[in-house]
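The file run.cif contains mmCIF, C-alpha atoms and all ligand atoms:
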```
data_entry
#
loop_
_atom_site.label_atom_id
_atom_site.label_comp_id
_atom_site.auth_asym_id
_atom_site.auth_seq_id
_atom_site.Cartn_x
_atom_site.Cartn_y
_atom_site.Cartn_z
CA MET A 8 103.74 105.99 80.85
CA ASN A 9 100.92 106.86 83.22
CA LEU A 10 103.01 109.08 85.48
CA PRO A 11 103.33 112.86 85.12
CA SER A 12 106.50 114.05 83.34
CA THR A 13 107.73 115.64 86.58
CA HIS A 14 107.63 112.33 88.47
CA PRO A 15 111.11 111.26 89.81
CA LEU A 16 110.86 107.95 87.93
CA VAL A 17 110.12 109.81 84.69
CA ASP A 18 112.62 112.67 84.91
CA GLY A 19 115.17 110.09 86.08
CA ARG A 20 115.96 111.36 89.59
CA THR A 21 115.25 108.01 91.30
CA THR A 22 115.23 105.58 88.37
CA ASN A 23 118.60 104.07 89.24
CA ALA A 24 118.62 104.65 92.99
CA PRO A 25 119.94 101.54 94.83
CA LEU A 26 116.52 100.91 96.42
CA ILE A 27 114.68 101.07 93.11
CA ARG A 28 117.24 98.82 91.43
CA ALA A 29 117.02 96.25 94.23
CA PHE A 30 113.22 96.28 94.08
CA ARG A 31 113.58 95.57 90.33
CA GLY A 32 115.65 92.48 91.21
CA GLU A 33 119.10 93.92 90.56
CA ARG A 34 122.14 93.94 92.86
CA PRO A 35 123.29 97.57 93.21
CA GLU A 36 126.85 98.30 94.51
CA ILE A 37 125.34 99.51 97.80
CA THR A 38 122.89 97.25 99.63
CA PRO A 39 119.98 99.61 100.33
CA VAL A 40 118.61 99.98 103.83
CA TRP A 41 115.67 101.79 105.44
CA PHE A 42 113.60 101.15 108.57
CA MET A 43 109.87 100.70 109.05
CA ARG A 44 108.79 103.47 111.50
CA GLN A 45 112.08 105.30 110.92
CA ALA A 46 110.08 108.52 111.35
CA GLY A 47 108.61 108.77 114.79
CA ARG A 48 109.14 108.53 118.48
CA SER A 49 112.75 107.32 118.44
CA LEU A 50 113.75 110.79 117.15
CA PRO A 51 113.93 113.77 119.55
CA GLU A 52 113.40 116.13 116.59
CA TYR A 53 110.10 114.30 115.87
CA LEU A 54 108.89 114.54 119.48
CA LYS A 55 109.63 118.28 119.39
CA LEU A 56 107.65 118.88 116.17
CA ARG A 57 104.71 116.77 117.38
CA GLU A 58 104.33 118.62 120.72
CA GLY A 59 100.63 119.40 121.22
CA ILE A 60 99.59 118.07 117.80
CA GLY A 61 97.51 114.91 117.43
CA MET A 62 98.95 112.09 115.32
CA LEU A 63 96.34 112.21 112.54
CA ASP A 64 96.30 116.03 112.54
CA ALA A 65 100.08 115.96 112.02
CA CYS A 66 99.61 113.61 109.06
CA LEU A 67 97.18 116.05 107.45
CA ARG A 68 99.43 119.12 107.74
CA PRO A 69 101.55 118.93 104.58
CA GLU A 70 104.60 120.91 105.79
CA LEU A 71 104.70 118.94 109.03
CA ALA A 72 104.21 115.51 107.43
CA SER A 73 106.90 116.34 104.89
CA GLU A 74 109.41 117.55 107.49
CA ILE A 75 108.82 114.44 109.65
CA THR A 76 109.35 112.21 106.60
CA LEU A 77 112.67 113.95 105.87
CA GLN A 78 114.07 113.85 109.44
CA PRO A 79 115.29 110.22 109.44
CA VAL A 80 116.66 110.51 105.89
CA ARG A 81 118.86 113.42 106.93
CA ARG A 82 119.90 111.87 110.23
CA HIS A 83 120.56 108.25 109.22
CA GLY A 84 121.45 108.45 105.52
CA VAL A 85 118.91 105.72 104.73
CA ASP A 86 118.26 104.82 101.08
CA ALA A 87 114.57 105.78 101.16
CA GLY A 88 112.06 108.00 102.86
CA ILE A 89 108.80 106.39 103.99
CA PHE A 90 105.92 108.81 103.78
CA PHE A 91 104.83 109.97 107.23
CA SER A 92 101.18 109.06 107.48
CA ASP A 93 99.15 106.16 108.86
CA ILE A 94 97.16 103.25 107.49
CA VAL A 95 93.97 104.74 108.99
CA ILE A 96 94.37 108.13 107.24
CA PRO A 97 92.33 107.06 104.18
CA LEU A 98 89.55 105.95 106.55
CA ARG A 99 89.58 109.37 108.23
CA LEU A 100 89.63 111.10 104.82
CA ALA A 101 86.60 109.04 103.78
CA GLY A 102 84.74 110.34 106.83
CA VAL A 103 85.20 107.48 109.31
CA ASP A 104 85.31 108.55 112.96
CA VAL A 105 88.77 107.20 113.81
CA ASP A 106 91.58 108.55 115.94
CA ILE A 107 94.93 107.31 117.15
CA VAL A 108 95.10 107.11 120.92
CA PRO A 109 98.70 107.47 122.16
CA GLY A 110 100.01 104.18 123.51
CA VAL A 111 96.93 102.32 122.24
CA GLY A 112 96.59 102.75 118.47
CA PRO A 113 93.65 103.30 116.12
CA VAL A 114 90.27 103.59 117.92
CA LEU A 115 86.92 104.03 116.15
CA GLY A 116 83.93 105.99 117.41
CA GLU A 117 81.85 102.90 116.63
CA ALA A 118 82.88 99.38 115.58
CA VAL A 119 81.49 98.22 112.21
CA ARG A 120 79.71 94.93 112.96
CA THR A 121 76.16 94.79 111.53
CA PRO A 122 75.03 94.85 107.88
CA ALA A 123 73.50 98.31 108.51
CA GLN A 124 76.83 99.59 109.86
CA VAL A 125 78.60 98.16 106.81
CA ASP A 126 76.02 99.91 104.58
CA ARG A 127 76.79 103.22 106.22
CA LEU A 128 80.55 102.67 105.93
CA VAL A 129 80.58 101.77 102.23
CA SER A 130 78.42 104.77 101.32
CA SER A 131 81.39 107.11 101.95
CA PRO A 132 84.12 107.03 99.30
CA LEU A 133 87.56 108.64 99.43
CA THR A 134 87.34 111.60 97.07
CA ASP A 135 90.13 113.17 95.05
CA GLU A 136 89.45 116.41 96.86
CA ALA A 137 89.97 114.87 100.31
CA MET A 138 93.37 113.58 99.14
CA ALA A 139 94.72 117.14 98.59
CA PRO A 140 96.83 117.32 101.80
CA ILE A 141 98.41 113.95 100.98
CA ARG A 142 99.35 115.01 97.45
CA GLU A 143 100.75 118.28 98.77
CA ALA A 144 102.85 116.58 101.48
CA VAL A 145 104.26 114.05 98.99
CA ALA A 146 105.13 116.80 96.48
CA LEU A 147 106.91 118.88 99.13
CA THR A 148 108.85 115.81 100.28
CA VAL A 149 109.91 114.61 96.85
CA ALA A 150 111.15 118.10 95.97
CA GLU A 151 113.58 117.86 98.93
CA LEU A 152 114.58 114.21 98.54
CA GLY A 153 116.35 114.57 95.19
CA SER A 154 117.69 111.18 94.14
CA THR A 155 116.46 109.41 97.32
CA PRO A 156 113.20 107.62 96.57
CA LEU A 157 110.05 108.13 98.61
CA ILE A 158 108.09 104.97 99.47
CA GLY A 159 104.33 105.43 99.58
CA PHE A 160 102.29 102.97 101.62
CA ALA A 161 98.84 101.79 102.56
CA GLY A 162 97.26 99.25 104.87
CA ALA A 163 95.86 96.08 103.33
CA PRO A 164 92.09 95.56 103.62
CA PHE A 165 92.36 92.80 106.25
CA THR A 166 94.52 94.86 108.60
CA LEU A 167 92.17 97.84 108.16
CA ALA A 168 89.20 95.54 108.78
CA ALA A 169 90.90 94.27 111.93
CA TYR A 170 90.52 97.85 113.28
CA LEU A 171 87.14 98.64 111.68
CA VAL A 172 85.36 95.52 112.94
CA GLU A 173 87.04 95.37 116.34
CA GLY A 174 86.78 99.14 116.83
CA ARG A 175 90.24 99.16 118.41
CA PRO A 176 93.51 97.18 118.47
CA SER A 177 92.99 93.52 119.34
CA ARG A 178 95.15 90.47 119.89
CA ASP A 179 93.60 87.82 117.65
CA HIS A 180 91.27 89.99 115.53
CA LEU A 181 88.48 87.63 116.54
CA ALA A 182 85.55 89.86 115.55
CA ALA A 183 86.98 90.42 112.08
CA ARG A 184 87.77 86.74 111.58
CA THR A 185 84.28 85.85 112.81
CA MET A 186 82.57 88.23 110.37
CA MET A 187 84.30 86.66 107.35
CA HIS A 188 82.67 83.32 108.22
CA ALA A 189 79.42 84.38 109.90
CA ASP A 190 78.44 87.06 107.38
CA PRO A 191 80.59 86.63 104.26
CA ALA A 192 78.43 89.06 102.27
CA SER A 193 79.04 91.93 104.72
CA TRP A 194 82.70 90.93 104.94
CA ALA A 195 83.03 91.14 101.15
CA ARG A 196 81.38 94.57 101.00
CA LEU A 197 83.50 95.91 103.84
CA THR A 198 86.80 94.64 102.46
CA GLU A 199 86.02 95.74 98.88
CA TRP A 200 85.32 99.24 100.18
CA ALA A 201 88.54 99.15 102.24
CA ALA A 202 90.43 98.00 99.12
CA ASP A 203 89.17 100.95 97.07
CA VAL A 204 89.79 103.53 99.78
CA THR A 205 93.30 102.28 100.60
CA GLY A 206 94.05 101.76 96.89
CA ALA A 207 93.10 105.38 96.13
CA PHE A 208 95.34 106.53 99.01
CA LEU A 209 98.26 104.56 97.54
CA ARG A 210 97.65 105.73 93.98
CA GLY A 211 97.48 109.36 95.09
CA GLN A 212 100.92 109.08 96.72
CA VAL A 213 102.46 107.54 93.61
CA LEU A 214 100.99 110.10 91.21
CA ALA A 215 102.25 112.88 93.51
CA GLY A 216 105.82 111.54 93.41
CA ALA A 217 106.37 108.30 95.40
CA SER A 218 108.79 105.96 93.55
CA ALA A 219 107.82 102.67 95.25
CA THR A 220 105.03 101.35 97.43
CA GLN A 221 104.49 99.06 100.40
CA LEU A 222 101.26 97.36 101.37
CA PHE A 223 101.13 96.62 105.11
CA ASP A 224 99.06 93.59 106.06
CA SER A 225 100.53 93.67 109.54
CA TRP A 226 97.94 91.36 111.12
CA ALA A 227 97.46 88.83 108.27
CA GLY A 228 99.60 86.37 110.25
CA SER A 229 96.55 85.66 112.43
CA LEU A 230 94.86 83.95 109.45
CA SER A 231 95.12 80.39 108.25
CA ARG A 232 96.40 80.03 104.72
CA ALA A 233 92.98 78.80 103.56
CA ASP A 234 91.18 81.81 105.07
CA TYR A 235 93.77 84.19 103.63
CA ILE A 236 93.33 82.82 100.12
CA LYS A 237 89.53 82.66 100.26
CA HIS A 238 88.54 85.71 102.31
CA VAL A 239 91.44 88.18 102.12
CA ALA A 240 93.58 87.76 98.99
CA PRO A 241 90.83 89.02 96.61
CA SER A 242 90.53 92.38 98.38
CA SER A 243 94.32 92.79 98.64
CA GLU A 244 94.56 92.14 94.92
CA ARG A 245 91.81 94.70 94.40
CA ALA A 246 93.72 97.29 96.49
CA LEU A 247 96.85 96.75 94.37
CA SER A 248 94.85 96.95 91.14
CA HIS A 249 94.70 100.70 91.82
CA VAL A 250 98.43 101.00 91.04
CA LYS A 251 98.77 98.14 88.56
CA ASP A 252 99.13 100.50 85.56
CA LEU A 253 101.92 102.48 87.26
CA PRO A 254 105.60 101.48 86.96
CA VAL A 255 106.28 101.23 90.70
CA SER A 256 107.38 98.18 92.69
CA VAL A 257 105.05 96.89 95.38
CA VAL A 258 106.46 95.48 98.63
CA HIS A 259 104.01 93.33 100.60
CA PHE A 260 104.65 92.97 104.33
CA GLY A 261 103.00 91.22 107.24
CA THR A 262 104.10 89.75 110.57
CA GLY A 263 103.99 86.05 111.38
CA THR A 264 103.27 85.34 107.72
CA GLU A 265 105.74 82.57 106.84
CA HIS A 266 102.78 80.31 105.90
CA LEU A 267 101.38 83.09 103.68
CA LEU A 268 104.49 84.28 101.83
CA THR A 269 103.59 82.73 98.47
CA ALA A 270 99.91 83.65 98.76
CA MET A 271 100.80 87.25 99.65
CA HIS A 272 103.19 87.38 96.71
CA ASP A 273 100.48 86.06 94.39
CA VAL A 274 98.13 89.02 95.00
CA GLY A 275 100.42 91.16 92.85
CA ALA A 276 103.50 91.98 94.94
CA ASP A 277 106.97 92.41 93.42
CA VAL A 278 108.97 92.26 96.66
CA MET A 279 108.20 90.39 99.88
CA GLY A 280 108.81 92.00 103.25
CA VAL A 281 109.86 89.33 105.73
CA ASP A 282 109.41 89.65 109.47
CA TYR A 283 112.14 88.65 111.94
CA ARG A 284 110.71 85.18 112.56
CA THR A 285 111.70 83.72 109.18
CA PRO A 286 115.38 83.67 108.11
CA LEU A 287 115.78 85.26 104.67
CA ASP A 288 117.34 82.15 103.09
CA LYS A 289 114.28 80.17 104.17
CA ALA A 290 111.89 82.86 102.86
CA ASN A 291 113.80 82.79 99.58
CA ARG A 292 113.43 78.99 99.33
CA LEU A 293 109.70 79.19 100.07
CA LEU A 294 109.29 81.77 97.28
CA GLY A 295 111.17 79.66 94.75
CA GLY A 296 114.28 81.84 94.64
CA THR A 297 112.74 84.41 92.30
CA VAL A 298 111.50 87.23 94.52
CA PRO A 299 113.49 90.22 95.90
CA LEU A 300 113.28 90.32 99.70
CA GLN A 301 113.14 93.10 102.28
CA GLY A 302 114.02 92.62 105.94
CA ASN A 303 114.54 91.40 108.60
CA ILE A 304 116.61 92.62 111.56
CA ASP A 305 114.87 91.69 114.82
CA PRO A 306 113.77 94.99 116.48
CA ALA A 307 114.45 93.41 119.88
CA LEU A 308 118.17 93.36 119.08
CA LEU A 309 118.32 97.15 118.58
CA ALA A 310 118.76 97.42 122.36
CA ALA A 311 121.35 94.61 122.59
CA PRO A 312 125.10 95.35 122.97
CA TRP A 313 126.59 96.43 119.61
CA PRO A 314 128.66 93.25 119.03
CA VAL A 315 125.49 91.13 119.39
CA LEU A 316 123.52 93.41 117.06
CA GLU A 317 126.40 93.65 114.57
CA ALA A 318 126.66 89.85 114.31
CA HIS A 319 122.89 89.69 113.72
CA VAL A 320 122.97 92.39 111.00
CA ARG A 321 125.86 90.58 109.27
CA ASP A 322 123.87 87.34 109.40
CA VAL A 323 120.82 89.07 107.85
CA VAL A 324 122.99 90.49 105.04
CA VAL A 325 124.62 87.09 104.34
CA ARG A 326 121.27 85.26 104.27
CA GLY A 327 119.88 88.00 102.05
CA ARG A 328 122.56 87.16 99.45
CA SER A 329 120.63 83.95 98.69
CA ALA A 330 117.76 86.01 97.23
CA PRO A 331 117.79 87.65 93.78
CA ALA A 332 117.96 91.05 95.52
CA HIS A 333 117.77 92.36 99.07
CA VAL A 334 116.79 95.58 100.80
CA VAL A 335 117.77 95.59 104.47
CA ASN A 336 115.06 96.61 106.93
CA LEU A 337 113.76 95.57 110.32
CA GLY A 338 111.42 92.62 110.79
CA HIS A 339 108.84 95.13 112.15
CA GLY A 340 108.84 98.80 113.20
CA VAL A 341 111.46 100.74 115.17
CA PRO A 342 110.53 100.56 118.89
CA PRO A 343 110.03 104.11 120.29
CA GLU A 344 112.74 103.63 122.94
CA THR A 345 115.44 102.87 120.33
CA ASP A 346 118.64 104.93 120.51
CA PRO A 347 118.67 106.58 117.06
CA ALA A 348 122.48 106.44 116.95
CA VAL A 349 122.15 102.65 116.68
CA LEU A 350 120.10 103.00 113.50
CA THR A 351 122.71 105.30 111.95
CA LYS A 352 125.39 102.73 112.84
CA ILE A 353 123.41 99.95 111.13
CA VAL A 354 123.14 102.04 107.95
CA GLU A 355 126.92 102.55 107.95
CA LEU A 356 127.54 98.85 108.58
CA VAL A 357 125.19 97.65 105.82
CA HIS A 358 126.68 100.11 103.33
CA SER A 359 130.23 99.05 104.27
CA LEU A 360 129.36 95.37 103.83
CA SER A 361 128.17 95.98 100.28
CA ALA A 362 131.49 97.42 99.13
O1 LIG B 401 108.23 105.85 109.53
C1 LIG B 401 107.27 105.20 109.07
O2 LIG B 401 107.28 103.95 108.99
C2 LIG B 401 106.13 105.97 108.42
C3 LIG B 401 104.96 106.15 109.10
C4 LIG B 401 103.97 105.07 109.54
C5 LIG B 401 103.17 105.27 110.68
N1 LIG B 401 102.25 104.27 110.74
C6 LIG B 401 103.30 106.40 111.60
C7 LIG B 401 102.82 106.23 112.98
C8 LIG B 401 103.58 103.88 108.94
C9 LIG B 401 104.14 103.18 107.73
C10 LIG B 401 102.47 103.38 109.71
C11 LIG B 401 101.71 102.19 109.37
C12 LIG B 401 100.85 101.58 110.37
N2 LIG B 401 99.99 102.18 111.25
C13 LIG B 401 100.69 100.18 110.52
C14 LIG B 401 101.41 99.16 109.68
C15 LIG B 401 102.81 98.99 110.14
C16 LIG B 401 102.99 98.19 111.40
O3 LIG B 401 103.48 98.77 112.38
O4 LIG B 401 102.66 97.01 111.38
C17 LIG B 401 99.76 99.95 111.55
C18 LIG B 401 99.31 98.62 112.07
C19 LIG B 401 99.29 101.24 112.00
C20 LIG B 401 98.29 101.54 113.04
C21 LIG B 401 98.93 102.28 114.15
N3 LIG B 401 99.21 103.62 114.11
C22 LIG B 401 99.43 101.77 115.38
C23 LIG B 401 99.34 100.35 115.85
C24 LIG B 401 100.04 102.85 116.07
C25 LIG B 401 100.80 102.84 117.40
C26 LIG B 401 100.03 103.42 118.52
C27 LIG B 401 100.91 103.73 119.72
O5 LIG B 401 100.89 104.86 120.20
O6 LIG B 401 101.64 102.81 120.17
C28 LIG B 401 99.87 103.99 115.25
C29 LIG B 401 100.37 105.35 115.54
C30 LIG B 401 101.53 105.79 114.75
N4 LIG B 401 101.63 105.68 113.39
C31 LIG B 401 102.69 106.42 115.26
C32 LIG B 401 103.49 106.73 114.15
C33 LIG B 401 104.80 107.47 114.14
C34 LIG B 401 102.94 106.77 116.71
C35 LIG B 401 102.13 107.98 117.05
C36 LIG B 401 102.87 109.00 117.89
O7 LIG B 401 104.03 109.32 117.62
O8 LIG B 401 102.22 109.54 118.79
#
```
Could you spell out this file's structure in structure tokens?
Ligand code: CP3
Amino acid sequence: MNLPSTHPLVDGRTTNAPLIRAFRGERPEITPVWFMRQAGRSLPEYLKLREGIGMLDACLRPELASEITLQPVRRHGVDAGIFFSDIVIPLRLAGVDVDIVPGVGPVLGEAVRTPAQVDRLVSSPLTDEAMAPIREAVALTVAELGSTPLIGFAGAPFTLAAYLVEGRPSRDHLAARTMMHADPASWARLTEWAADVTGAFLRGQVLAGASATQLFDSWAGSLSRADYIKHVAPSSERALSHVKDLPVSVVHFGTGTEHLLTAMHDVGADVMGVDYRTPLDKANRLLGGTVPLQGNIDPALLAAPWPVLEAHVRDVVVRGRSAPAHVVNLGHGVPPETDPAVLTKIVELVHSLSA
């Protein structure tokens, strides 16, 4: 075993938690549920803690990041914590000038477009030393979580490249998709570097105590299947190679990725995260009926009247029964304006349906 003896999967704290069992392909008594972006702006206690503190600064203050991770677990009774951080944190820790602008998203001091800019980027690695605040925040969190598993996460190289090459959030990720064709050598160097930096970020979280992982390739849906397989899959596989020797399940998630589900599974994922556009029984068929699924309540319905939302959640749970195993989640993140009481109600409903 390549995990420390104090790891929750080694000392047994989380080994048989419903989430971990479902990720292994089993059907625990309770159908596990958690929410992408469960920590964050939908919670008044989060807004209070974040007052006057920048997003990335909050991520790098261990006590704060840990407390924010724990807030939704306490409030909603979800079956997992998701580490409070961001996909651009490993870029910042490797020395990239990146910040998160409220209401906009990740913005770089300078977009990475030319071979010289790529050279400069790939000359800065993510060191073990720079990872210290991440390890500390994970350790503090895991000590509080007890038998509830912590999910560590990282951004996939393409989604990181979509920010690095564009310099800011974009609709179609045109500059990134252009670079992969116009300058495939620079594209390869950039995405290999991103794979190693994001892979080290993920590995650090697992060694510090995370019991499962999720790779977010949020924007991969903008790619054709051919481009994904040729220009993106190798670097995603490389990112996951950083945790290949560790006994943790990997969830792979993207939006608008129905045409990529099998290709995204093939890079080394154990569980596929499905967005709200693809019904779970269809996703299961596409994956050959062998892959545990996570998803896929439509975030838009969180603001619908309860009977409408309840019928939708029941439908998600029923369709999820077609798969070998199912972890209930949203089809993308919690919208900031969500009434948190609705999320608590969904947790209670999903748990009651399992019984
Ligand atoms: O609860 C959780 O899910 C854990 C924390 C988490 C955050 N970001 C915190 C965050 C996770 C897993 C992420 C991943 C992330 N970050 C992704 C992949 C997931 C997805 O949504 O597809 C992406 C694409 C990013 C990049 C990013 N960071 C965006 C687009 C934004 C939103 C910007 C805005 O203000 O609308 C962020 C900021 C961010 N990351 C917030 C949080 C809680 C909001 C910042 C705030 O509260 O001020």
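Put simply, CA of Phe90 in chain A is 8.6 Å away from CA of Ile75 in chain A.
The residue that comes closest to ligand LIG 401 (chain B), out of A:Pro312, A:Gly116, A:Gly84, A:Gly110 and on the basis of only C-alpha atoms and all ligand atoms, is A:Gly110.
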Around (120.1, 101.1, 107.1) in the file's frame, which residues reach within 7 Å when counting all atoms listed in the file? Return as number ranges by chain?
-> A: 39-42, 85, 335-336, 350-351, 353-354, 357
Which centre and which edge lengths, in Å to one decimal, describe the axis-aligned box that holds all listed atoms of ligand LIG 401 (chain B) after 6 Å is added on each side, as AutoDock Vina command-line options?
```
--center_x 103.3 --center_y 103.3 --center_z 114.0 --size_x 21.9 --size_y 24.5 --size_z 24.5
```
Two-atom distance - CA of Leu167 in chain A, CA of Ala233 in chain A (Å) |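 Pair CA of Leu167 in chain A / CA of Ala233 in chain A returns 19.6 Å.
Between CA of Arg142 in chain A and CA of Ala215 in chain A there is a distance of 5.3 Å.
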Who sits within 9 Å of Val108 in chain A, all atoms listed in the file, same chain under 4 positions skipped, as a short mmCIF file (atom, residue, chain, number, x, y, z; two decimals) with C-alpha atoms, keeping the file's coordinate frame:
```
data_model
loop_
_atom_site.label_atom_id
_atom_site.label_comp_id
_atom_site.auth_asym_id
_atom_site.auth_seq_id
_atom_site.Cartn_x
_atom_site.Cartn_y
_atom_site.Cartn_z
CA GLY A 61 97.51 114.91 117.43
CA MET A 62 98.95 112.09 115.32
CA GLY A 112 96.59 102.75 118.47
CA PRO A 113 93.65 103.30 116.12
CA VAL A 114 90.27 103.59 117.92
#
```
Selection near Ala29 in chain A, 9 Å with all atoms listed in the file, sequence-local residues under 3 positions removed, as a PyMOL selection string = chain A and resi 24-26+32-35+38-39+299-300+331-334
What lies within 9 Å of range 197-212 of chain A using all atoms listed in the file, ignoring chain neighbours under 2 positions off, as a PyMOL selection string?
-> chain A and resi 90+94-98+101+119+125-126+128-135+138-139+141-142+145-146+158-165+167-168+192-195+214-217+220-222+239+241-250+253
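Closest approach to ligand LIG 401 (chain B) among A:Asp273, A:Glu52, A:Asp288, A:Asp346 is made by A:Glu52 (distances from only C-alpha atoms and all ligand atoms).
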Nearby residues (only C-alpha atoms) at most 12 Å from Tyr235 in chain A, same-chain spacing under 3 positions excluded, as a PyMOL selection string = chain A and resi 164-166+184+187+224+226-232+238-244+264+266-271+273-274
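For the set A:Met186, A:Ile60, A:Val17, A:Leu10, the residue with the smallest atom-to-atom gap to Asp234 in chain A is A:Met186, counting all atoms listed in the file.
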Smallest atom-to-atom distance to Thr21 in chain A: which of A:Leu157, A:Ala137, A:Ala307, A:Leu71, using only C-alpha atoms?
->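 Smallest distance to Thr21 in chain A is found for A:Leu157.
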Neighbours of point (119.9, 98.4, 121.9) within 12 Å, using only C-alpha atoms, written as a list in words =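 Those within range, by chain then number, are Ser49, Asp305, Pro306, Ala307, Leu308, Leu309, Ala310, Ala311, Pro312, Trp313, Pro314, Val315, Leu316, Glu317, Val341, Pro342, Pro343, Glu344, Thr345, Asp346, Pro347, Ala348, Val349, Leu350, Lys352 and Ile353 of chain A.
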Rank A:Val105, A:Val278, A:Ala290, A:Val111 by their smallest atom-to-atom distance to ligand LIG 401 (chain B), using all atoms listed in the file, and report the top residue only.
->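 Of A:Val105, A:Val278, A:Ala290, A:Val111, the one nearest ligand LIG 401 (chain B), counting all atoms listed in the file, is A:Val111.
In this comparison, which uses only C-alpha atoms and all ligand atoms, the residue of A:Tyr53, A:Phe260, A:Tyr283, A:Phe91 approaching ligand LIG 401 (chain B) most closely is A:Phe91.
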Which residues, written as a list in words, have at least one atom at most 9 Å from Ser154 in chain A, with all atoms listed in the file counted and residues fewer than 3 positions away on the same chain left out?
->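 Residues near the query, excluding close chain neighbours: Pro15, Gly19, Arg20, Thr21, Thr22, Asn23, Ala24 and Val149 of chain A.
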